[in-house]
>>> print(open('input.txt').read())   # compact mmCIF, C-alpha atoms and all ligand atoms
# COMPACT_ATOMS: atom_id res chain seq x y z
CA MET A 58 -42.42 -140.91 -16.69
CA LEU A 59 -44.41 -138.27 -14.85
CA ILE A 60 -45.77 -139.32 -11.44
CA THR A 61 -47.89 -137.01 -9.32
CA GLY A 62 -47.76 -137.08 -5.53
CA THR A 63 -44.16 -138.26 -5.10
CA ARG A 64 -43.28 -136.57 -1.78
CA LYS A 65 -44.40 -139.61 0.22
CA GLY A 66 -46.51 -142.76 0.16
CA ILE A 67 -47.18 -144.94 -2.88
CA GLY A 68 -46.08 -142.26 -5.39
CA ARG A 69 -42.66 -141.86 -3.78
CA GLU A 70 -42.12 -145.64 -3.65
CA LEU A 71 -43.16 -146.06 -7.28
CA ALA A 72 -40.84 -143.22 -8.34
CA LEU A 73 -37.89 -144.89 -6.58
CA ARG A 74 -38.68 -148.25 -8.18
CA TYR A 75 -39.04 -146.88 -11.71
CA LEU A 76 -35.83 -144.86 -11.27
CA GLU A 77 -34.14 -148.09 -10.20
CA ALA A 78 -35.55 -149.76 -13.33
CA GLY A 79 -33.90 -147.10 -15.52
CA TRP A 80 -36.72 -144.64 -16.14
CA ARG A 81 -36.18 -140.90 -15.98
CA VAL A 82 -38.84 -139.66 -13.61
CA ALA A 83 -40.41 -136.25 -13.03
CA GLY A 84 -42.58 -135.96 -9.95
CA CYS A 85 -44.64 -133.37 -8.16
CA SER A 86 -46.32 -132.57 -4.87
CA ARG A 87 -47.34 -129.45 -3.00
CA GLY A 88 -44.39 -129.96 -0.67
CA ALA A 89 -40.66 -130.13 -1.41
CA GLY A 90 -39.21 -133.24 -3.03
CA THR A 91 -37.81 -136.08 -0.92
CA ILE A 92 -36.00 -138.02 -3.66
CA ASP A 93 -32.40 -137.15 -4.39
CA LYS A 94 -31.42 -139.05 -7.56
CA PRO A 95 -29.75 -137.77 -10.73
CA GLU A 96 -32.56 -138.96 -13.02
CA TYR A 97 -35.30 -137.45 -10.84
CA ARG A 98 -36.70 -133.93 -11.04
CA HIS A 99 -39.20 -132.59 -8.55
CA PHE A 100 -41.80 -129.88 -9.14
CA GLU A 101 -43.58 -128.20 -6.25
CA VAL A 102 -46.93 -128.17 -7.98
CA ASP A 103 -50.49 -128.55 -6.77
CA VAL A 104 -52.17 -130.78 -9.37
CA ALA A 105 -55.35 -128.68 -9.15
CA ASP A 106 -53.50 -125.51 -10.20
CA GLU A 107 -54.02 -125.26 -13.95
CA LYS A 108 -51.22 -122.78 -14.68
CA ALA A 109 -48.71 -124.69 -12.59
CA VAL A 110 -49.63 -128.01 -14.24
CA VAL A 111 -49.36 -126.53 -17.75
CA SER A 112 -45.93 -125.09 -17.05
CA MET A 113 -44.68 -128.29 -15.37
CA VAL A 114 -45.75 -130.45 -18.32
CA ARG A 115 -44.12 -127.99 -20.74
CA ALA A 116 -40.90 -128.06 -18.70
CA VAL A 117 -40.77 -131.87 -18.73
CA TRP A 118 -41.49 -131.91 -22.44
CA ARG A 119 -38.77 -129.30 -23.18
CA GLU A 120 -36.23 -131.23 -21.13
CA HIS A 121 -36.97 -134.74 -22.43
CA GLY A 122 -38.97 -134.31 -25.65
CA ARG A 123 -41.34 -137.08 -24.58
CA ILE A 124 -43.51 -138.39 -21.77
CA ASP A 125 -44.08 -142.12 -22.15
CA ALA A 126 -46.10 -142.68 -19.00
CA LEU A 127 -48.24 -140.64 -16.63
CA LEU A 128 -49.21 -141.99 -13.19
CA ASN A 129 -51.96 -139.82 -11.67
CA ASN A 130 -51.23 -140.95 -8.13
CA ALA A 131 -51.69 -137.67 -6.18
CA GLY A 132 -54.79 -137.95 -4.06
CA ILE A 133 -56.32 -137.08 -0.73
CA ALA A 134 -58.92 -138.79 1.44
CA SER A 135 -60.91 -137.95 4.50
CA MET A 136 -63.29 -140.10 6.51
CA ASN A 137 -66.54 -138.47 7.43
CA PRO A 138 -70.17 -139.52 7.32
CA ALA A 139 -71.85 -137.68 4.42
CA LEU A 140 -74.22 -135.78 6.72
CA THR A 141 -71.35 -134.16 8.65
CA THR A 142 -68.90 -133.59 5.76
CA PRO A 143 -68.02 -129.89 5.43
CA VAL A 144 -68.36 -128.60 1.87
CA ALA A 145 -64.74 -127.42 2.03
CA SER A 146 -63.65 -131.03 2.51
CA MET A 147 -65.75 -132.18 -0.46
CA ARG A 148 -64.29 -129.38 -2.60
CA ARG A 149 -60.70 -130.20 -1.61
CA MET A 150 -61.17 -133.84 -2.61
CA LEU A 151 -62.80 -132.98 -5.93
CA GLU A 152 -60.07 -130.42 -6.69
CA THR A 153 -57.15 -132.78 -6.06
CA ASN A 154 -58.59 -136.13 -7.09
CA VAL A 155 -60.78 -135.11 -10.04
CA VAL A 156 -59.61 -131.72 -11.33
CA GLY A 157 -55.96 -132.68 -10.77
CA THR A 158 -56.31 -135.98 -12.63
CA PHE A 159 -58.24 -134.25 -15.41
CA LEU A 160 -55.63 -131.50 -15.88
CA LEU A 161 -52.72 -133.92 -16.04
CA CYS A 162 -54.61 -136.20 -18.45
CA ARG A 163 -55.45 -133.23 -20.65
CA GLU A 164 -51.99 -131.68 -20.77
CA VAL A 165 -49.95 -134.89 -21.02
CA GLY A 166 -52.59 -136.53 -23.23
CA LYS A 167 -52.19 -133.81 -25.88
CA LEU A 168 -48.46 -134.43 -26.09
CA MET A 169 -48.84 -138.21 -26.13
CA VAL A 170 -51.37 -138.01 -28.96
CA ARG A 171 -49.00 -135.77 -30.91
CA ARG A 172 -46.23 -138.37 -30.45
CA GLY A 173 -48.57 -141.25 -31.28
CA GLY A 174 -48.30 -143.21 -28.05
CA GLY A 175 -48.27 -143.25 -24.28
CA ARG A 176 -49.68 -144.80 -21.15
CA ILE A 177 -51.90 -143.05 -18.59
CA VAL A 178 -52.66 -144.77 -15.29
CA ASN A 179 -55.16 -143.12 -12.94
CA PHE A 180 -55.67 -143.94 -9.27
CA SER A 181 -59.11 -144.97 -8.03
CA SER A 182 -59.88 -147.01 -4.90
CA VAL A 183 -61.91 -149.99 -3.74
CA ALA A 184 -63.98 -147.35 -1.91
CA VAL A 185 -65.94 -147.09 -5.20
CA PRO A 186 -67.13 -150.71 -5.68
CA LEU A 187 -67.48 -151.25 -1.90
CA ALA A 188 -69.54 -148.04 -1.49
CA LEU A 189 -67.65 -147.51 1.77
CA GLU A 190 -69.56 -145.85 4.58
CA GLY A 191 -67.76 -142.74 5.81
CA GLU A 192 -66.10 -142.21 2.42
CA ALA A 193 -68.90 -140.55 0.42
CA ALA A 194 -66.83 -137.60 -0.80
CA TYR A 195 -63.73 -139.70 -1.47
CA ALA A 196 -65.67 -142.47 -3.25
CA ALA A 197 -67.57 -139.89 -5.34
CA SER A 198 -64.28 -138.28 -6.38
CA LYS A 199 -62.79 -141.65 -7.33
CA SER A 200 -65.96 -142.59 -9.25
CA ALA A 201 -65.37 -139.46 -11.29
CA VAL A 202 -61.77 -140.57 -11.89
CA GLU A 203 -63.09 -143.89 -13.22
CA SER A 204 -65.55 -142.18 -15.59
CA LEU A 205 -62.82 -139.86 -16.80
CA THR A 206 -60.62 -142.91 -17.43
CA ARG A 207 -63.27 -144.72 -19.49
CA VAL A 208 -64.29 -141.70 -21.57
CA LEU A 209 -60.71 -140.62 -22.22
CA ALA A 210 -59.80 -144.18 -23.23
CA ARG A 211 -62.44 -143.98 -25.96
CA GLU A 212 -61.47 -140.47 -27.04
CA LEU A 213 -57.82 -141.50 -27.38
CA GLY A 214 -58.55 -145.00 -28.66
CA GLY A 215 -57.08 -144.51 -32.12
CA SER A 216 -53.99 -142.62 -31.01
CA GLY A 217 -51.80 -145.29 -29.41
CA VAL A 218 -52.44 -143.82 -25.96
CA THR A 219 -54.04 -146.13 -23.38
CA VAL A 220 -55.86 -144.86 -20.29
CA ASN A 221 -56.52 -147.25 -17.40
CA ALA A 222 -56.98 -147.10 -13.65
CA ILE A 223 -55.96 -149.07 -10.61
CA GLY A 224 -58.10 -149.37 -7.50
CA PRO A 225 -55.88 -150.29 -4.56
CA THR A 226 -57.12 -151.88 -1.34
CA PRO A 227 -55.76 -150.25 1.85
CA VAL A 228 -51.98 -149.82 1.72
CA ASP A 229 -50.13 -148.71 4.86
CA THR A 230 -49.45 -145.00 4.16
CA ASP A 231 -50.38 -141.69 5.82
CA LEU A 232 -53.60 -141.75 3.77
CA VAL A 233 -55.05 -144.51 5.96
CA ALA A 234 -53.17 -143.59 9.16
CA GLY A 235 -56.29 -141.95 10.63
CA VAL A 236 -58.64 -144.82 9.80
CA PRO A 237 -59.55 -146.81 12.96
CA ALA A 238 -58.06 -150.35 12.99
CA GLU A 239 -61.49 -152.03 13.19
CA LYS A 240 -62.64 -150.13 10.06
CA LEU A 241 -59.58 -151.33 8.15
CA GLU A 242 -60.12 -154.91 9.36
CA ALA A 243 -63.77 -154.81 8.26
CA LEU A 244 -62.73 -153.50 4.85
CA VAL A 245 -60.05 -156.17 4.39
CA ALA A 246 -62.62 -158.82 5.43
CA ARG A 247 -64.68 -157.91 2.34
CA GLN A 248 -61.76 -158.77 0.01
CA ALA A 249 -61.36 -162.21 -1.59
CA ILE A 250 -57.74 -162.19 -0.39
CA ARG A 251 -57.79 -160.84 3.15
CA ARG A 252 -54.65 -158.79 3.71
CA MET A 253 -53.50 -155.19 3.33
CA GLY A 254 -52.19 -154.17 -0.08
CA THR A 255 -48.54 -153.29 -0.70
CA VAL A 256 -46.68 -151.11 -3.19
CA ASP A 257 -45.59 -154.37 -4.88
CA ASP A 258 -49.26 -155.15 -5.55
CA VAL A 259 -49.83 -151.68 -6.99
CA GLN A 260 -46.69 -151.82 -9.10
CA ALA A 261 -47.66 -155.19 -10.59
CA VAL A 262 -50.81 -153.66 -12.07
CA VAL A 263 -49.04 -150.47 -13.19
CA ASP A 264 -46.33 -152.59 -14.86
CA PHE A 265 -49.03 -154.49 -16.73
CA PHE A 266 -50.66 -151.27 -17.98
CA LEU A 267 -47.25 -149.83 -18.99
CA ALA A 268 -46.07 -152.90 -20.91
CA PRO A 269 -45.78 -152.36 -24.68
CA SER A 270 -47.72 -155.62 -25.15
CA SER A 271 -50.70 -154.10 -23.25
CA ASP A 272 -51.46 -151.75 -26.15
CA PHE A 273 -54.91 -153.38 -26.62
CA VAL A 274 -55.90 -152.78 -22.98
CA THR A 275 -57.62 -149.46 -22.31
CA GLY A 276 -60.49 -148.02 -20.28
CA GLN A 277 -60.07 -150.71 -17.61
CA VAL A 278 -60.20 -150.38 -13.85
CA VAL A 279 -58.32 -153.12 -12.00
CA TYR A 280 -59.08 -153.53 -8.28
CA LEU A 281 -56.68 -155.31 -5.98
CA GLY A 282 -57.54 -157.99 -3.43
CA GLY A 283 -60.37 -159.63 -5.36
CA ILE A 284 -62.87 -156.79 -5.14
CA ASP A 285 -65.19 -156.45 -8.12
N1 LIG A 301 -53.03 -145.91 0.76
C1 LIG A 301 -54.18 -146.49 0.48
O1 LIG A 301 -54.71 -147.28 1.26
C2 LIG A 301 -54.88 -146.23 -0.83
C3 LIG A 301 -55.97 -147.06 -1.15
C4 LIG A 301 -56.65 -146.81 -2.36
C5 LIG A 301 -56.23 -145.79 -3.19
N2 LIG A 301 -55.17 -145.02 -2.84
C6 LIG A 301 -54.79 -143.94 -3.74
O2 LIG A 301 -53.40 -144.01 -4.01
C7 LIG A 301 -52.88 -142.69 -4.21
C8 LIG A 301 -51.68 -142.46 -3.31
O3 LIG A 301 -52.10 -142.57 -1.96
P1 LIG A 301 -51.06 -142.66 -0.75
O4 LIG A 301 -51.60 -143.67 0.19
O5 LIG A 301 -49.66 -142.81 -1.23
O6 LIG A 301 -51.28 -141.21 -0.07
P2 LIG A 301 -50.27 -140.31 0.82
O7 LIG A 301 -49.30 -141.18 1.52
O8 LIG A 301 -51.16 -139.42 1.63
O9 LIG A 301 -49.48 -139.46 -0.29
C9 LIG A 301 -50.18 -138.58 -1.13
C10 LIG A 301 -49.18 -137.90 -2.04
O10 LIG A 301 -49.89 -137.01 -2.91
C11 LIG A 301 -49.37 -135.68 -2.78
N3 LIG A 301 -50.47 -134.73 -2.95
C12 LIG A 301 -51.62 -134.61 -2.24
N4 LIG A 301 -52.37 -133.62 -2.71
C13 LIG A 301 -51.70 -133.09 -3.76
C14 LIG A 301 -51.96 -132.02 -4.66
N5 LIG A 301 -53.09 -131.29 -4.59
N6 LIG A 301 -51.05 -131.75 -5.64
C15 LIG A 301 -49.91 -132.48 -5.73
N7 LIG A 301 -49.61 -133.50 -4.91
C16 LIG A 301 -50.50 -133.79 -3.93
C17 LIG A 301 -48.74 -135.64 -1.38
O11 LIG A 301 -47.70 -134.69 -1.26
P3 LIG A 301 -47.98 -133.17 -0.73
O12 LIG A 301 -48.74 -133.32 0.56
O13 LIG A 301 -46.63 -132.57 -0.58
O14 LIG A 301 -48.78 -132.50 -1.80
C18 LIG A 301 -48.17 -137.06 -1.29
O15 LIG A 301 -46.92 -137.12 -1.93
C19 LIG A 301 -54.05 -141.73 -3.95
O16 LIG A 301 -54.65 -141.35 -5.17
C20 LIG A 301 -55.01 -142.56 -3.13
O17 LIG A 301 -56.35 -142.11 -3.25
C21 LIG A 301 -54.48 -145.21 -1.68
>>> encode(input="input.txt", output="structure tokens", more="lines below")
Ligand SMILES: NC(=O)c1ccc[n+]([C@@H]2O[C@H](COP(=O)([O-])OP(=O)(O)OC[C@H]3O[C@@H](n4cnc5c(N)ncnc54)[C@H](OP(=O)(O)O)[C@@H]3O)[C@@H](O)[C@H]2O)c1
Amino acid sequence: MLITGTRKGIGRELALRYLEAGWRVAGCSRGAGTIDKPEYRHFEVDVADEKAVVSMVRAVWREHGRIDALLNNAGIASMNPALTTPVASMRRMLETNVVGTFLLCREVGKLMVRRGGGRIVNFSSVAVPLALEGEAAYAASKSAVESLTRVLARELGGSGVTVNAIGPTPVDTDLVAGVPAEKLEALVARQAIRRMGTVDDVQAVVDFFLAPSSDFVTGQVVYLGGID
């Protein structure tokens, strides 16, 4: 399994859990790795860096001869009303969230198609269906991730490779650490089930997408917490 964004947060937790479950996991982040396990290998790679992504995917392929699952978890967010969002902030979010997800899908997708199977899970957010104020750049980047997911699912439909996305509600990580408490409470109040999300909630959806019996499920975006 290849998981992006494993230095901290949801990606790190998922990597630890899948290692525990017996997977061999390769992970990446811009910073140094924080998981010290025999079946884990860390790459210091920015997902938006095409050359670095190509060489990482080749290295994983050479070492293991297969990549069964790709979790495109690496992502960044920043709260800012659209009218005061610096273009540099918009570009950073598009580079990591969209270009990064695209590059990993492209490089890993090619190898999965060649092998005749695989699972790709992309990371969106409830910021898309909720059209969250203050999250224009982030929501736009995650909308693009959803479109990429749907189109890729169709392009790979006959190859045994499924492409789906999860849209988590707020989960307590550094990503939401800067969001004022009242904003988080207002967001949670719009959910059918009014509580913060957890890595367990995220993993339940990822497990479903990864299951061999889910081979007829592709191009779907599953939101947590009862958001539609
Ligand atoms: N937490 C939430 O409430 C929430 C809600 C909805 C969706 N999500 C989505 O869930 C995913 C994980 O979020 P999180 O809460 O775990 O965030 P986080 O705690 O901020 O962790 C983000 C991870 O991604 C890595 N990363 C960031 N930019 C990268 C880049 N350009 N290249 C490679 N790695 C990069 C970071 O490591 P480095 O800094 O070392 O690169 C870190 O390991 C994101 O896609 C996010 O949009 C989160």
>>> residues_near_ligand(input="input.txt", ligand="ligand LIG 301 (chain A)", cutoff="7 Å", atoms="all atoms listed in the file", output="VMD selection string")
chain A and resid 61 to 69 85 to 89 102 to 105 130 to 134 153 to 154 157 180 to 183 224 to 233
>>> atom_distance(input="input.txt", atom1="CA of Ala184 in chain A", atom2="CA of Leu128 in chain A")
19.3 Å
>>> axis_aligned_box(input="input.txt", around="range 64-73 of chain A", padding_each_side="5 Å", output="JSON")
{"center_x": -42.5, "center_y": -141.3, "center_z": -4.1, "size_x": 19.3, "size_y": 19.5, "size_z": 18.6}
>>> residues_around(input="input.txt", residues="range 185-199 of chain A", least_positions_apart="4", cutoff="6 Å", atoms="all atoms listed in the file", output="PyMOL selection string")
chain A and resi 134+136-139+147+151+155+181
>>> atom_distance(input="input.txt", atom1="CA of Val156 in chain A", atom2="CA of Glu96 in chain A")
28.1 Å
>>> atom_distance(input="input.txt", atom1="CA of Val218 in chain A", atom2="CA of Ser271 in chain A")
10.8 Å
>>> closest_residue(input="input.txt", among="A:Ser135, A:Leu244, A:Asn179, A:Leu281", to="Val256 in chain A", atoms="all atoms listed in the file")
A:Leu281
